[in-house]
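Asker: Below is the structure I would like to discuss, written out as structure tokens.
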Amino acid sequence: ENRNLKLTMDLFTFFTGAIVAAGGIMGYVKAKSVPSLAAGVSIGAAYIYLSSMIGVGDSTGNKGALILSVILGVMMGRRYLNSKKFMPAGLMTGVATASILYHLFSIL
């Protein structure tokens with residue numbers, strides 16, 4: 001009997017979640033922004049959860065991550081267009097765009 005715990009996840013989606021969560025934490029640390037903390041950590045946690053779904057072959061994970069990526073891309077893309085500042089809005093727009101492409105091609 002094999003009692004080893006096997007953790008399977010999609011690394012791209014996992015690291016996307018980690019980056020988004022870290023961005024939310026940094027937003028709180030630098031600007032005391034509670035909305036950045038709440039959004040970053042919750043969206044990051046959702047990406048990490050979805051990475052485990054993808055890792056076990058559940059295609060719903062890719063669809064969920066694609067939807068999250070579109071929402072993140074629109075939200076941060078708007079902020080980037082208004083502020084013209086790469087950090088944090090431009091970086092997160094780039095992360096979301098890469099994630100949209102990754103998950104779109106994973107679904108197709």
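Here, A, B, ... name the chains of the structure tokens in the order displayed, residue numbers run from 1 inside each chain, and ligands are numbered from 1 in the same displayed order.
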Could you give me, as a ChimeraX atom specification, the residues within 12 Å of Leu108 of chain A, counting only C-alpha atoms and dropping anything in the same chain fewer than 3 positions from it?

Answerer: /A:59,62-63,66,101-105

Asker: Generate the output file for the selected residues, C-alpha atoms, as a PDB file, in the first residue's frame.

Answerer:
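Contents of again_9.pdb, freshly written:
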```pdb
ATOM      1  CA  SER A  59     -10.380  20.770 -17.590  1.00  0.00           C
ATOM      2  CA  ASN A  62      -8.202  25.707 -17.218  1.00  0.00           C
ATOM      3  CA  LYS A  63     -11.571  27.304 -17.860  1.00  0.00           C
ATOM      4  CA  LEU A  66      -8.937  31.611 -18.122  1.00  0.00           C
ATOM      5  CA  LEU A 101      -2.793  32.733 -23.803  1.00  0.00           C
ATOM      6  CA  TYR A 102      -1.583  29.719 -21.794  1.00  0.00           C
ATOM      7  CA  HIS A 103      -5.067  28.649 -20.711  1.00  0.00           C
ATOM      8  CA  LEU A 104      -6.697  29.427 -24.036  1.00  0.00           C
ATOM      9  CA  PHE A 105      -4.214  27.155 -25.829  1.00  0.00           C
TER      10      PHE A 105
END
```

Asker: Report as a PyMOL selection string all protein, DNA and RNA residues lying within 12 Å of Met26 of chain A, evaluated on only C-alpha atoms, omitting residues in the same chain fewer than 2 positions from it.

Answerer: chain A and resi 19-24+28-41+87-88

Asker: Can you work out the spacing between atom CA of Leu11 of chain A and atom CA of Leu81 of chain A in Å, to one decimal?

Answerer: 29.5 Å

Asker: Within 10 Å of Phe15 of chain A, counting only C-alpha atoms, which residues show up once you throw out same-chain ones fewer than 5 positions away? Write them as a list in words, please.

Answerer: Asp10, Val20, Ala21, Gly44, Tyr47, Ile48 and Ser51 of chain A

Asker: How many Å lie between atom CA of Tyr80 of chain A and atom CA of Phe14 of chain A, rounded to one decimal?

Answerer: 24.0 Å

Asker: Which residues are close to Ile67 of chain A, i.e. within 12 Å by only C-alpha atoms, leaving aside same-chain residues fewer than 6 positions away? Reply as a PyMOL selection string.

Answerer: chain A and resi 43+46-47+50+60-61+73-74+96-97+99-101+103-104

Asker: Counting only C-alpha atoms, which residue out of A:Ser42, A:Thr8, A:Ser69, A:Ser52 sits closest to Gly94 of chain A?

Answerer: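 Among A:Ser42, A:Thr8, A:Ser69, A:Ser52, it is A:Ser69 that comes nearest to Gly94 of chain A.
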
Asker: Could you pull out the residues in segment 14-90 of chain A that DSSP calls alpha helix (DSSP H) from the backbone, as a PyMOL selection string?

Answerer: chain A and resi 14-31+34-55+60-83
